[in-house]
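Structure data follow from upload-v5.cif (mmCIF, C-alpha atoms and all ligand atoms):
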```
data_start
#
loop_
_atom_site.label_atom_id
_atom_site.label_comp_id
_atom_site.auth_asym_id
_atom_site.auth_seq_id
_atom_site.Cartn_x
_atom_site.Cartn_y
_atom_site.Cartn_z
CA MET A 1 102.87 129.90 109.62
CA LEU A 2 105.25 127.52 111.35
CA LYS A 3 107.79 126.17 108.86
CA LEU A 4 106.81 122.67 107.75
CA LYS A 5 109.49 120.08 108.45
CA LEU A 6 108.57 117.00 106.50
CA ALA A 7 109.55 113.36 106.79
CA ILE A 8 108.51 111.82 103.48
CA LEU A 9 107.98 108.07 103.80
CA GLY A 10 107.82 106.82 100.22
CA ALA A 11 109.89 109.67 98.79
CA THR A 12 110.77 107.88 95.53
CA GLY A 13 107.20 107.04 94.45
CA SER A 14 104.71 109.17 92.54
CA ILE A 15 103.34 110.89 95.69
CA GLY A 16 106.95 111.55 96.74
CA ASP A 17 107.68 113.15 93.34
CA SER A 18 104.65 115.43 93.61
CA THR A 19 105.44 116.35 97.22
CA LEU A 20 108.97 117.36 96.16
CA LYS A 21 107.53 119.54 93.37
CA VAL A 22 105.33 121.32 95.93
CA ALA A 23 108.33 121.71 98.28
CA ALA A 24 110.49 123.13 95.48
CA LYS A 25 107.85 125.82 94.76
CA ASN A 26 107.50 126.75 98.44
CA PRO A 27 111.08 126.70 99.78
CA ASP A 28 110.42 129.38 102.38
CA ARG A 29 107.65 127.31 103.96
CA ILE A 30 108.75 123.67 103.52
CA GLU A 31 111.92 121.96 104.71
CA ILE A 32 112.66 118.27 104.32
CA PRO A 33 114.82 116.95 107.14
CA ALA A 34 114.01 113.27 106.43
CA ILE A 35 113.11 110.93 103.57
CA ALA A 36 112.67 107.18 103.25
CA ALA A 37 111.86 104.63 100.58
CA ASN A 38 111.90 100.91 99.95
CA LYS A 39 115.12 100.36 98.00
CA ASN A 40 115.83 102.97 95.33
CA TRP A 41 118.79 104.47 97.19
CA ARG A 42 120.22 106.26 94.14
CA LYS A 43 117.04 108.28 93.80
CA LEU A 44 117.07 108.91 97.57
CA LEU A 45 120.64 110.18 97.25
CA LYS A 46 119.64 112.60 94.50
CA ILE A 47 116.70 113.91 96.57
CA ALA A 48 118.90 114.19 99.67
CA GLN A 49 121.39 116.30 97.70
CA ASP A 50 118.77 118.48 95.98
CA PHE A 51 116.80 119.22 99.16
CA ASN A 52 119.64 119.08 101.69
CA VAL A 53 118.08 116.15 103.59
CA ALA A 54 119.99 115.00 106.69
CA HIS A 55 118.19 111.73 107.49
CA VAL A 56 117.66 108.97 104.92
CA GLY A 57 115.79 105.71 105.56
CA ILE A 58 116.03 102.61 103.36
CA PHE A 59 113.56 99.82 104.09
CA ASP A 60 115.29 97.02 102.16
CA GLU A 61 118.33 95.66 103.99
CA ASN A 62 120.42 94.87 100.90
CA ALA A 63 119.76 98.28 99.39
CA TYR A 64 120.72 99.85 102.74
CA LYS A 65 124.05 97.95 102.72
CA GLU A 66 124.73 98.97 99.12
CA ALA A 67 123.99 102.60 99.94
CA LYS A 68 126.23 102.52 102.99
CA GLU A 69 129.10 100.85 101.14
CA SER A 70 128.85 103.34 98.26
CA GLY A 71 130.25 106.02 100.58
CA LEU A 72 128.06 108.58 98.78
CA PHE A 73 125.91 109.45 101.81
CA GLU A 74 128.71 111.20 103.66
CA GLY A 75 127.40 113.75 106.15
CA LYS A 76 123.94 112.16 106.13
CA LYS A 77 122.51 109.69 108.61
CA LEU A 78 121.26 106.39 107.16
CA TYR A 79 118.49 104.28 108.71
CA CYS A 80 117.44 100.73 107.86
CA GLY A 81 114.26 98.65 107.91
CA LEU A 82 110.94 99.20 109.62
CA SER A 83 112.65 100.41 112.81
CA GLY A 84 114.58 102.93 110.70
CA LEU A 85 111.37 104.25 109.12
CA THR A 86 109.82 104.52 112.57
CA GLU A 87 112.85 106.44 113.87
CA ILE A 88 112.65 108.82 110.92
CA ALA A 89 108.93 109.41 111.47
CA THR A 90 109.50 110.41 115.09
CA LEU A 91 112.62 112.62 114.76
CA PRO A 92 112.40 115.77 116.90
CA GLU A 93 113.23 117.96 113.86
CA VAL A 94 110.15 116.65 111.96
CA ASN A 95 106.68 118.17 112.48
CA MET A 96 104.73 116.47 109.69
CA VAL A 97 104.96 112.97 108.24
CA VAL A 98 103.94 112.29 104.66
CA ALA A 99 102.77 108.67 104.80
CA ALA A 100 103.13 107.53 101.20
CA VAL A 101 104.65 104.07 101.51
CA VAL A 102 102.35 101.41 100.11
CA GLY A 103 100.85 98.51 102.01
CA THR A 104 100.95 97.64 105.67
CA THR A 105 104.54 98.91 106.06
CA ALA A 106 103.12 102.35 106.86
CA LEU A 107 101.18 101.17 109.91
CA LYS A 108 103.91 101.12 112.56
CA PRO A 109 105.84 104.28 111.59
CA THR A 110 102.64 106.31 111.17
CA LEU A 111 101.18 105.25 114.51
CA ALA A 112 104.53 106.04 116.16
CA ALA A 113 104.51 109.47 114.48
CA ILE A 114 100.99 110.16 115.82
CA GLU A 115 102.10 109.15 119.32
CA ALA A 116 105.06 111.55 118.94
CA GLY A 117 102.61 114.34 118.11
CA LYS A 118 103.45 114.76 114.40
CA ASP A 119 100.77 115.87 111.95
CA ILE A 120 100.08 113.25 109.28
CA ALA A 121 99.63 113.88 105.56
CA LEU A 122 98.07 110.61 104.58
CA ALA A 123 98.45 108.98 101.17
CA ASN A 124 98.60 105.37 102.28
CA LYS A 125 95.17 103.73 102.02
CA GLU A 126 95.75 100.54 103.99
CA LEU A 127 96.28 102.48 107.18
CA LEU A 128 92.65 103.58 107.49
CA VAL A 129 91.15 100.60 105.70
CA MET A 130 92.83 98.16 108.08
CA ALA A 131 93.10 100.14 111.26
CA GLY A 132 90.91 103.24 110.84
CA LYS A 133 89.44 102.93 114.31
CA PHE A 134 92.84 102.92 116.06
CA VAL A 135 94.52 105.46 113.82
CA MET A 136 91.70 108.01 114.18
CA GLU A 137 91.43 107.40 117.94
CA ALA A 138 95.15 107.95 118.38
CA ALA A 139 95.05 111.11 116.24
CA ARG A 140 92.19 112.54 118.33
CA ARG A 141 93.91 111.65 121.59
CA LYS A 142 97.22 113.22 120.54
CA LYS A 143 95.45 116.18 118.83
CA VAL A 144 97.38 115.67 115.59
CA ARG A 145 95.91 116.61 112.22
CA MET A 146 95.10 113.87 109.72
CA LEU A 147 95.40 115.65 106.37
CA PRO A 148 94.20 113.64 103.37
CA LEU A 149 96.60 113.61 100.40
CA ASP A 150 94.47 111.40 98.17
CA SER A 151 92.90 113.66 95.53
CA GLU A 152 89.33 112.55 96.34
CA HIS A 153 89.65 113.01 100.08
CA ASN A 154 91.47 116.27 99.70
CA ALA A 155 88.66 117.48 97.41
CA ILE A 156 86.08 116.60 100.08
CA PHE A 157 88.26 118.24 102.73
CA GLN A 158 88.30 121.44 100.61
CA CYS A 159 84.51 121.35 100.03
CA LEU A 160 83.86 120.88 103.76
CA HIS A 161 85.89 123.92 104.72
CA GLY A 162 83.86 126.24 106.95
CA GLU A 163 80.72 124.06 106.71
CA ARG A 164 78.85 122.68 109.69
CA ARG A 165 79.03 118.90 110.02
CA CYS A 166 75.23 118.72 110.46
CA ASP A 167 74.73 120.43 107.07
CA VAL A 168 76.49 117.66 105.13
CA ALA A 169 74.12 115.21 103.39
CA LYS A 170 76.60 113.05 101.52
CA LEU A 171 79.98 112.73 99.88
CA LEU A 172 80.21 112.16 96.13
CA ILE A 173 83.49 110.43 95.34
CA THR A 174 84.46 110.59 91.70
CA ALA A 175 86.13 107.72 89.83
CA SER A 176 87.70 107.80 86.37
CA GLY A 177 86.24 104.34 85.84
CA GLY A 178 89.66 102.91 85.05
CA MET A 179 91.17 101.49 81.87
CA PHE A 180 88.36 99.05 81.17
CA ARG A 181 85.30 101.19 81.85
CA ASP A 182 83.92 100.52 78.36
CA TYR A 183 84.90 96.85 78.11
CA THR A 184 82.33 94.09 77.66
CA TYR A 185 82.65 91.03 79.89
CA GLU A 186 84.12 89.09 76.92
CA GLN A 187 86.85 91.73 76.54
CA MET A 188 87.46 91.68 80.29
CA LEU A 189 88.28 87.97 80.08
CA GLN A 190 91.25 88.79 77.82
CA ILE A 191 92.86 91.51 79.97
CA LYS A 192 96.60 91.00 80.51
CA PRO A 193 98.68 92.50 83.38
CA ALA A 194 100.40 94.89 80.93
CA ASP A 195 96.97 96.27 79.85
CA ALA A 196 95.93 96.89 83.47
CA LEU A 197 99.15 98.73 84.28
CA LYS A 198 98.22 101.71 82.08
CA HIS A 199 95.92 104.38 83.47
CA PRO A 200 94.18 106.89 81.17
CA ASN A 201 94.56 109.96 83.45
CA TRP A 202 96.82 109.33 86.43
CA ASN A 203 100.43 108.23 86.69
CA MET A 204 100.67 105.92 89.74
CA GLY A 205 102.38 102.80 91.10
CA PRO A 206 101.42 99.31 89.77
CA LYS A 207 99.18 98.20 92.68
CA VAL A 208 97.09 101.39 92.62
CA THR A 209 96.84 101.29 88.82
CA ILE A 210 95.43 97.75 88.84
CA ASP A 211 93.13 98.64 91.74
CA SER A 212 91.87 101.57 89.67
CA SER A 213 91.08 99.26 86.78
CA THR A 214 88.92 96.99 89.00
CA LEU A 215 87.43 99.88 91.07
CA ALA A 216 88.89 98.19 94.17
CA ASN A 217 90.79 101.45 94.62
CA LYS A 218 87.50 103.35 94.74
CA GLY A 219 86.25 100.81 97.29
CA LEU A 220 89.30 101.49 99.47
CA GLU A 221 88.67 105.23 99.12
CA VAL A 222 85.02 104.82 100.21
CA ILE A 223 86.23 103.00 103.33
CA GLU A 224 88.86 105.69 103.95
CA ALA A 225 86.23 108.42 103.59
CA LYS A 226 84.12 106.78 106.27
CA TRP A 227 86.99 107.09 108.74
CA LEU A 228 88.28 110.50 107.72
CA PHE A 229 84.90 112.22 107.62
CA ASP A 230 82.85 110.02 109.98
CA MET A 231 80.16 109.04 107.45
CA THR A 232 77.86 106.04 107.12
CA PRO A 233 78.14 103.83 103.99
CA ASP A 234 74.86 105.30 102.70
CA GLN A 235 76.31 108.81 102.88
CA ILE A 236 79.11 107.93 100.45
CA GLN A 237 78.26 107.66 96.76
CA VAL A 238 80.61 106.89 93.87
CA VAL A 239 80.24 108.81 90.61
CA VAL A 240 82.09 107.87 87.43
CA HIS A 241 83.66 110.96 85.86
CA ARG A 242 86.00 109.95 83.09
CA GLN A 243 87.92 113.21 82.65
CA SER A 244 89.21 113.30 86.27
CA TYR A 245 88.75 117.07 86.58
CA VAL A 246 86.24 116.98 89.43
CA HIS A 247 88.10 115.22 92.23
CA SER A 248 85.06 114.76 94.45
CA MET A 249 82.03 116.67 95.70
CA VAL A 250 79.98 117.25 98.82
CA GLN A 251 76.20 117.47 98.83
CA PHE A 252 74.58 119.51 101.59
CA VAL A 253 71.16 119.20 103.24
CA ASP A 254 69.77 122.03 101.07
CA GLY A 255 70.67 120.04 97.94
CA SER A 256 73.61 122.24 96.94
CA ILE A 257 76.71 120.45 95.73
CA LEU A 258 80.26 121.80 95.95
CA ALA A 259 83.07 120.36 93.83
CA HIS A 260 86.84 120.67 93.72
CA ILE A 261 88.21 121.00 90.17
CA SER A 262 91.75 120.83 88.80
CA PRO A 263 93.67 118.94 86.12
CA PRO A 264 94.64 115.42 87.22
CA SER A 265 97.90 116.20 89.01
CA MET A 266 98.46 115.18 92.63
CA THR A 267 100.31 118.44 93.30
CA PHE A 268 97.01 120.31 93.86
CA ALA A 269 95.87 117.95 96.63
CA ILE A 270 99.32 117.70 98.21
CA SER A 271 99.90 121.45 98.22
CA HIS A 272 96.52 122.11 99.81
CA SER A 273 96.84 119.38 102.42
CA ILE A 274 100.31 120.02 103.69
CA LEU A 275 100.10 123.82 103.65
CA TYR A 276 96.53 123.95 105.04
CA PRO A 277 95.05 126.36 106.09
CA GLU A 278 97.25 128.49 103.79
CA ARG A 279 97.47 128.18 99.99
CA GLY A 280 100.82 127.40 98.37
CA ASN A 281 102.42 128.78 95.21
CA GLN A 282 101.06 127.32 91.99
CA VAL A 283 102.87 124.16 90.83
CA CYS A 284 100.85 123.12 87.74
CA GLU A 285 98.69 125.03 85.28
CA PRO A 286 95.02 125.17 86.31
CA LEU A 287 92.20 124.26 83.89
CA ASP A 288 92.03 126.68 80.97
CA PHE A 289 88.41 127.74 80.36
CA THR A 290 89.31 129.68 77.22
CA LYS A 291 89.21 126.19 75.63
CA VAL A 292 86.27 123.79 75.35
CA ILE A 293 86.18 121.45 78.34
CA SER A 294 83.66 118.63 78.62
CA MET A 295 82.82 116.78 81.77
CA ASP A 296 80.45 113.87 82.09
CA PHE A 297 79.16 111.91 85.04
CA ALA A 298 77.54 108.49 85.35
CA PRO A 299 76.75 105.96 88.07
CA PRO A 300 79.27 103.10 88.45
CA ASP A 301 78.44 99.63 87.08
CA THR A 302 78.92 97.28 90.02
CA VAL A 303 77.88 94.26 87.93
CA ARG A 304 80.92 94.61 85.65
CA PHE A 305 83.03 95.97 88.54
CA PRO A 306 82.04 93.86 91.57
CA CYS A 307 85.04 94.97 93.71
CA LEU A 308 83.21 98.20 94.49
CA ARG A 309 80.14 96.25 95.64
CA HIS A 310 82.36 94.05 97.83
CA ALA A 311 83.93 97.13 99.43
CA TYR A 312 80.49 98.44 100.42
CA GLY A 313 79.59 94.95 101.69
CA ALA A 314 82.70 94.93 103.87
CA LEU A 315 82.02 98.44 105.13
CA ARG A 316 78.46 97.50 106.10
CA ALA A 317 79.63 94.25 107.75
CA GLY A 318 82.00 96.40 109.85
CA GLY A 319 84.86 95.37 112.15
CA THR A 320 87.67 93.55 110.39
CA ALA A 321 85.67 92.90 107.18
CA THR A 322 87.40 95.87 105.52
CA THR A 323 90.75 94.41 106.59
CA ALA A 324 89.74 91.19 104.78
CA PHE A 325 88.64 93.17 101.72
CA ASN A 326 92.04 94.83 101.51
CA ALA A 327 94.04 91.67 102.27
CA SER A 328 92.24 89.43 99.75
CA ASN A 329 92.49 92.12 97.08
CA GLU A 330 96.25 92.45 97.64
CA VAL A 331 96.73 88.69 97.32
CA ALA A 332 94.57 88.50 94.19
CA VAL A 333 96.30 91.44 92.49
CA ALA A 334 99.73 89.90 93.15
CA GLU A 335 98.59 86.61 91.57
CA PHE A 336 97.13 88.48 88.59
CA ILE A 337 100.44 90.31 88.03
CA LYS A 338 102.23 86.92 88.14
CA GLY A 339 99.85 85.66 85.48
CA ASN A 340 98.27 83.02 87.73
CA ILE A 341 94.69 84.33 87.64
CA ARG A 342 92.66 86.42 85.19
CA TRP A 343 91.71 90.04 85.79
CA VAL A 344 88.03 89.09 86.32
CA ASP A 345 89.11 86.58 88.99
CA ILE A 346 90.43 89.35 91.26
CA ALA A 347 86.85 90.32 92.18
CA SER A 348 85.81 86.64 92.57
CA VAL A 349 88.66 85.99 95.01
CA VAL A 350 87.72 89.09 97.04
CA GLY A 351 84.01 88.17 97.04
CA GLU A 352 84.62 84.56 98.05
CA THR A 353 87.09 85.51 100.78
CA LEU A 354 84.60 87.96 102.26
CA SER A 355 81.68 85.53 102.20
CA ALA A 356 83.76 82.95 104.10
CA PHE A 357 85.08 85.52 106.57
CA ASN A 358 83.72 86.19 110.06
CA PRO A 359 84.58 89.78 110.91
CA ILE A 360 85.28 90.69 114.52
CA GLU A 361 85.23 94.06 116.27
CA PRO A 362 88.97 94.58 116.81
CA THR A 363 90.15 95.61 120.27
CA SER A 364 93.84 95.79 119.39
CA LEU A 365 96.15 96.11 116.42
CA ASP A 366 97.03 92.45 116.88
CA ASP A 367 93.36 91.56 116.19
CA ILE A 368 93.64 93.43 112.91
CA LEU A 369 96.94 91.86 111.91
CA GLU A 370 95.50 88.43 112.70
CA SER A 371 92.41 89.09 110.56
CA ASP A 372 94.74 90.33 107.84
CA SER A 373 96.75 87.08 107.79
CA LEU A 374 93.61 84.93 108.06
CA ALA A 375 92.10 86.68 105.04
CA ARG A 376 95.35 86.40 103.10
CA ALA A 377 95.55 82.67 103.81
CA ARG A 378 91.89 82.23 102.81
CA ALA A 379 92.39 84.14 99.56
CA ALA A 380 95.52 82.10 98.75
CA GLU A 381 93.58 78.88 99.41
CA ILE A 382 90.72 79.97 97.13
CA ILE A 383 93.20 80.75 94.38
CA LYS A 384 95.00 77.43 94.87
CA ASN A 385 91.80 75.36 94.81
CA LYS A 386 90.12 77.20 91.99
CA PHE A 387 92.80 78.46 89.65
CA LEU A 388 96.11 76.64 90.12
CA HIS A 389 96.10 73.06 88.97
MG MG A 401 92.48 108.56 94.62
#
```
Rendering of file as structure tokens:
Amino acid sequence: MLKLKLAILGATGSIGDSTLKVAAKNPDRIEIPAIAANKNWRKLLKIAQDFNVAHVGIFDENAYKEAKESGLFEGKKLYCGLSGLTEIATLPEVNMVVAAVVGTTALKPTLAAIEAGKDIALANKELLVMAGKFVMEAARRKKVRMLPLDSEHNAIFQCLHGERRCDVAKLLITASGGMFRDYTYEQMLQIKPADALKHPNWNMGPKVTIDSSTLANKGLEVIEAKWLFDMTPDQIQVVVHRQSYVHSMVQFVDGSILAHISPPSMTFAISHSILYPERGNQVCEPLDFTKVISMDFAPPDTVRFPCLRHAYGALRAGGTATTAFNASNEVAVAEFIKGNIRWVDIASVVGETLSAFNPIEPTSLDDILESDSLARARAAEIIKNKFLH
């Protein structure tokens, strides 16, 4: 196997941490010439020293200046801002880009990496939800591999291995159900940001954790699955599985169902995706079947968790409706974290934005970015009129 030469965009986050664990266990197969993050330059410095990284990107300008003035990055090349991240993603010494920066920041560097012929290990959700059509088209044209790092999509990817596309009946995406899966509506009205920032099984960043609690995250994953695996909305079903051992399943035309099972650690998905088609050295303990293990499954409740219903609505509406779903959700989550709206209002803002939104079939990235800002403005207006007095 060709030695992997990774650029990790989002090296200081939870996906970055897990990727570094996988790299540390497979030093003969993985090198890390480049890393980047938003502003935690001290952590970047530590990673750069531990993994002998030559190129370091810092998105935030002030953090970049601080890092430069510290004099601690001697012998390493520092990059700043979005152009810096894009430069890092297209370096000749890199052959795979781990796209793990959150939000729309990932769009430009990842597309540039695809154009430069780099394989993509994809953790960022917005990329496919906003611009799936263009990202997948570019990947096909440049013959680069789009390897899914998200545990659900990686699970599906593993279950599909060696199967014929025409034999696949549907994808079964599992969801833990989030923090509030057993809450009544009355309890949901009392949820505070601090409550929503805890996740029962997974350790993730704040935006993803809140999205998990509303099932908006699962909605984004359904949309992602459509692009990654070329499925219709009816071929993607969500299953609540509270233990997070089964990371997703594939049902075939004969009725058989294959599942991917591991403890809830991202290292399994990351190791499989980046080292595919080989298997890497074990990073975490697998499930121990000498002990009692229970697993249960149930359909999701889209009455108590309307964000999931809205995601399917957007997917069926097509075009830039999924962009509007993502944009309005981002705006609503930010206002919830600030304490300006209640947790239950997140879904209302998303639903109202979508019902007032006319999706278009995008012909360029600019169309998508315009729909994104329109939806953000609409969501902000709904919040202002309804909740802020
Ligand atoms: Mg996931």
What are the closest atom pairs, with distances in Å to one decimal, for each residue of chain A lying within 7 Å of ligand MG 401 (chain A), using only C-alpha atoms and all ligand atoms, rows by chain and rising residue number, as a Markdown table?
```
| residue | atom | partner | partner_atom | distance |
| --- | --- | --- | --- | --- |
| A:Asp150 | CA | A:MG401 | MG | 5.0 |
| A:Ser151 | CA | A:MG401 | MG | 5.2 |
| A:Glu152 | CA | A:MG401 | MG | 5.4 |
| A:Glu221 | CA | A:MG401 | MG | 6.8 |
```
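Remark: for Asn52 in chain A, the closest of the candidate residues A:Gly177, A:Gly280, A:Gly10, A:Pro33 is A:Pro33 (distances computed over only C-alpha atoms).
Here CA of Asn62 in chain A stands at a distance of 20.4 Å from CA of Pro109 in chain A.
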Interatomic distance, CA of Ile261 in chain A to CA of His247 in chain A (Å, one decimal): 6.1 Å
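The space between CA of Ala324 in chain A and CA of Met130 in chain A spans 8.3 Å.
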Model the absent atoms of range 70-85 of chain A so that N, CA and C atoms are present, and write the result as a PDB file, keeping the file's coordinate frame.
```pdb
ATOM      1  N   SER A  70     128.533 102.423  99.368  1.00  0.00           N
ATOM      2  CA  SER A  70     128.850 103.340  98.260  1.00  0.00           C
ATOM      3  C   SER A  70     129.644 104.552  98.741  1.00  0.00           C
ATOM      4  N   GLY A  71     129.527 104.873 100.029  1.00  0.00           N
ATOM      5  CA  GLY A  71     130.250 106.020 100.580  1.00  0.00           C
ATOM      6  C   GLY A  71     129.702 107.373 100.107  1.00  0.00           C
ATOM      7  N   LEU A  72     128.584 107.337  99.376  1.00  0.00           N
ATOM      8  CA  LEU A  72     128.060 108.580  98.780  1.00  0.00           C
ATOM      9  C   LEU A  72     127.182 109.391  99.743  1.00  0.00           C
ATOM     10  N   PHE A  73     126.828 108.774 100.873  1.00  0.00           N
ATOM     11  CA  PHE A  73     125.910 109.450 101.810  1.00  0.00           C
ATOM     12  C   PHE A  73     126.675 110.177 102.927  1.00  0.00           C
ATOM     13  N   GLU A  74     127.885 110.551 102.650  1.00  0.00           N
ATOM     14  CA  GLU A  74     128.710 111.200 103.660  1.00  0.00           C
ATOM     15  C   GLU A  74     128.006 112.454 104.216  1.00  0.00           C
ATOM     16  N   GLY A  75     128.033 112.587 105.533  1.00  0.00           N
ATOM     17  CA  GLY A  75     127.400 113.750 106.150  1.00  0.00           C
ATOM     18  C   GLY A  75     125.901 113.568 106.368  1.00  0.00           C
ATOM     19  N   LYS A  76     125.361 112.423 105.923  1.00  0.00           N
ATOM     20  CA  LYS A  76     123.940 112.160 106.130  1.00  0.00           C
ATOM     21  C   LYS A  76     123.813 110.932 107.030  1.00  0.00           C
ATOM     22  N   LYS A  77     122.705 110.854 107.763  1.00  0.00           N
ATOM     23  CA  LYS A  77     122.510 109.690 108.610  1.00  0.00           C
ATOM     24  C   LYS A  77     121.603 108.694 107.912  1.00  0.00           C
ATOM     25  N   LEU A  78     122.046 107.434 107.829  1.00  0.00           N
ATOM     26  CA  LEU A  78     121.260 106.390 107.160  1.00  0.00           C
ATOM     27  C   LEU A  78     120.530 105.524 108.180  1.00  0.00           C
ATOM     28  N   TYR A  79     119.311 105.126 107.841  1.00  0.00           N
ATOM     29  CA  TYR A  79     118.490 104.280 108.710  1.00  0.00           C
ATOM     30  C   TYR A  79     118.031 103.076 107.900  1.00  0.00           C
ATOM     31  N   CYS A  80     117.816 101.945 108.590  1.00  0.00           N
ATOM     32  CA  CYS A  80     117.440 100.730 107.860  1.00  0.00           C
ATOM     33  C   CYS A  80     116.173 100.084 108.407  1.00  0.00           C
ATOM     34  N   GLY A  81     115.385  99.503 107.514  1.00  0.00           N
ATOM     35  CA  GLY A  81     114.260  98.650 107.910  1.00  0.00           C
ATOM     36  C   GLY A  81     113.081  99.407 108.494  1.00  0.00           C
ATOM     37  N   LEU A  82     112.148  98.616 109.056  1.00  0.00           N
ATOM     38  CA  LEU A  82     110.940  99.200 109.620  1.00  0.00           C
ATOM     39  C   LEU A  82     111.276 100.068 110.840  1.00  0.00           C
ATOM     40  N   SER A  83     112.277  99.615 111.634  1.00  0.00           N
ATOM     41  CA  SER A  83     112.650 100.410 112.810  1.00  0.00           C
ATOM     42  C   SER A  83     113.266 101.738 112.359  1.00  0.00           C
ATOM     43  N   GLY A  84     113.994 101.703 111.245  1.00  0.00           N
ATOM     44  CA  GLY A  84     114.580 102.930 110.700  1.00  0.00           C
ATOM     45  C   GLY A  84     113.514 103.911 110.252  1.00  0.00           C
ATOM     46  N   LEU A  85     112.469 103.392 109.571  1.00  0.00           N
ATOM     47  CA  LEU A  85     111.370 104.250 109.120  1.00  0.00           C
ATOM     48  C   LEU A  85     110.643 104.855 110.318  1.00  0.00           C
TER      49      LEU A  85
END
```
